[in-house]
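**Student:** Sharing a structure below in structure tokens format, with a few things to ask.
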Amino acid sequence: MPAEPSPSHGPSAGSDSSETFRGLTYPYGRQVDPAPGEPWKIADGVYWARFRMPMSLDHINLWLLEDDDGWTVVDTCLDIPDARETWEALFEGFMGGKPVRRVICTHMHPDHVGLAGWLTERFGCALWMSREEYLMCRSLVADTGRPAPKVALDFYRAAGYSDDNIDDYKKRFGFFGKAVSPLPDSFRRLVDRQTLTIGGRYWLVVVGSGHSPEHVCLYCPELRLFIAGDQVLPRISPNVSVFPTEPEGDPLREWLRSLARIREVLPDDLLVLPAHEAPFYGLHVRLTQLLESHNRDLDALFDHLEEPRRVVDCFPPLFSREIRGGSLGLATGEALAHLNCLLYRRRVVRERDGQGVHWYRQLPYTSEE
């Protein structure tokens, strides 16, 4: 008979490790770092598994939910050998030989969806995602190995990239799919306000947008838990970017509206289970912090545009660190998200010069929407 999961992994919430910092309470502490392959019990039937990643954001939190005679898995990690080895250890050890019955991916980014195809094929189960996330992921994976398209090169030249920056982008293009195992050819669609039964409990799907097109979160009223993915992180603000595929998009407006809506529809007394960093209490406080931070950034960027600037000139009011190397692409996308938001609020104007470079400047006497 398969072994049952241990009920006592990690310190309990409310123990001496509890810590309050900047309006949030971390029941396990802010710096808690569970070892890979050693899940901690969060609530009845809910376990926290941390996986390592070889990048500056060096981990991801995954969630294992007991589901009758098997498991529901929320997010999967990158498709890298270390992650596969961690999963194998979980299958043989903590998960007690019981099968994965369902894989839920909060969104399309490789650290969340990377091993979804491998897991669903191994266990013959379905991948559950929102439609936009599934289709966008398939589209981006299809770029693997192809050269960067001209529209993308023009997009980054318009942002003010140098020839060296363009060459670096060409080398990096198509890397998205390198950490994603082949997705299954079908999926189960998740939509906002849909209800799921997992382990005999009711879970509500809550969808956000901005960081990714149709990001899925899960709320369990009985357990007072909110699996937030990247939608709500305790310390950092998830990247909100404009990309060459939709150069006129306004994802920051979508992001701000999503945060305000989640604050309105969910109670404040939930334990938030984020994809990165530590679980915390203070959902409404954190949502308010994120909203206020981005609105301050918009105002600071507007002030910065007293003189005409290119996208690459707009980093100082938005980022506290020097932007270079691998961070250039995400910083460019984030700056464009703020610039497009200001454009649609009719606070700035964009002009194109003879070299195809965009310049942004204030429209100081216009009203906002």
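Naming works like this for the structure tokens: A, B, ... for the chains as they're shown, residue 1 at the start of each chain, ligands 1 onward in shown order.
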Apply DSSP to the structure's backbone, then extract all residues of region 18-54 of chain A labelled strand (DSSP E) and return them as an MDAnalysis selection string.

**Tutor:** chainID A and resid 19:21 24:26 40:43 46:52

**Student:** Please list as a list in words every residue within 6 Å of region 240-243 of chain A, counting only C-alpha atoms and excluding residues in the same chain fewer than 6 positions away.

**Tutor:**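 Counting only C-alpha atoms, the residues come to Gly210, His211, Gly333, Glu334, Leu336 and Ala337 of chain A.
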
**Student:** Using DSSP secondary structure from the backbone, list all alpha helix (DSSP H) positions within region 55-245 of chain A, as number ranges by chain.

**Tutor:** A: 81-92, 110-113, 116-123, 131-141, 150-158, 163-172

**Student:** Which value, in Å to one decimal, gives the distance between CA of Gln231 (chain A) and CA of His109 (chain A)?

**Tutor:**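 It comes out at 12.4 Å.
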
**Student:** Which residues come within 8 Å of Thr86 (chain A), counting only C-alpha atoms, excluding same-chain residues fewer than 5 positions away, as a PyMOL selection string?

**Tutor:** chain A and resi 36-37+51

**Student:** Nearest to Cys341 (chain A) among A:His284, A:Arg201, A:Arg157, A:Arg253, with distances taken over only C-alpha atoms: which residue is it?

**Tutor:**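 Between A:His284, A:Arg201, A:Arg157, A:Arg253, the residue approaching Cys341 (chain A) most closely is A:Arg253.
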
**Student:** Tell me which protein, DNA and RNA residues are within 7 Å of Ile227 (chain A), counting only C-alpha atoms, leaving out same-chain ones fewer than 5 positions away, and put them as an MDAnalysis selection string.

**Tutor:** chainID A and resid 217:219 272:274

**Student:** Report as a VMD selection string all protein, DNA and RNA residues lying within 9 Å of Leu153 (chain A), evaluated on only C-alpha atoms, omitting residues in the same chain fewer than 4 positions from it.

**Tutor:** chain A and resid 148 to 149 157 to 158 166 169 to 170 244

**Student:** Measuring atom to atom with only C-alpha atoms, identify which of A:Arg224, A:Ala300, A:Ala159, A:Arg286 is nearest to Pro247 (chain A).

**Tutor:**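 Checking each candidate against Pro247 (chain A), we get A:Ala159 as the closest.
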
**Student:** Find the spatial neighbours of Ile236 (chain A), counting only C-alpha atoms, within a cut-off of 10 Å - ignore same-chain residues fewer than 3 positions away - and output them as a PDB file with C-alpha atoms, in the first residue's frame.

**Tutor:**
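After the write, result_18.pdb holds the following:
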```
ATOM      1  CA  ASP A 230       2.661  35.253 -10.099  1.00  0.00           C
ATOM      2  CA  VAL A 232       0.367  38.477  -6.206  1.00  0.00           C
ATOM      3  CA  LEU A 233       3.941  38.168  -4.929  1.00  0.00           C
ATOM      4  CA  ASN A 239       6.902  41.862 -14.845  1.00  0.00           C
ATOM      5  CA  HIS A 276       7.940  32.829  -5.509  1.00  0.00           C
ATOM      6  CA  GLU A 277       9.105  33.804  -2.018  1.00  0.00           C
ATOM      7  CA  LEU A 290       1.138  47.036  -5.988  1.00  0.00           C
TER       8      LEU A 290
END
```

**Student:** Go through A:Val73, A:Leu140, A:Ile323, A:Ile198 and flag the residue nearest Cys220 (chain A), using only C-alpha atoms for the distances.

**Tutor:** A:Ile198
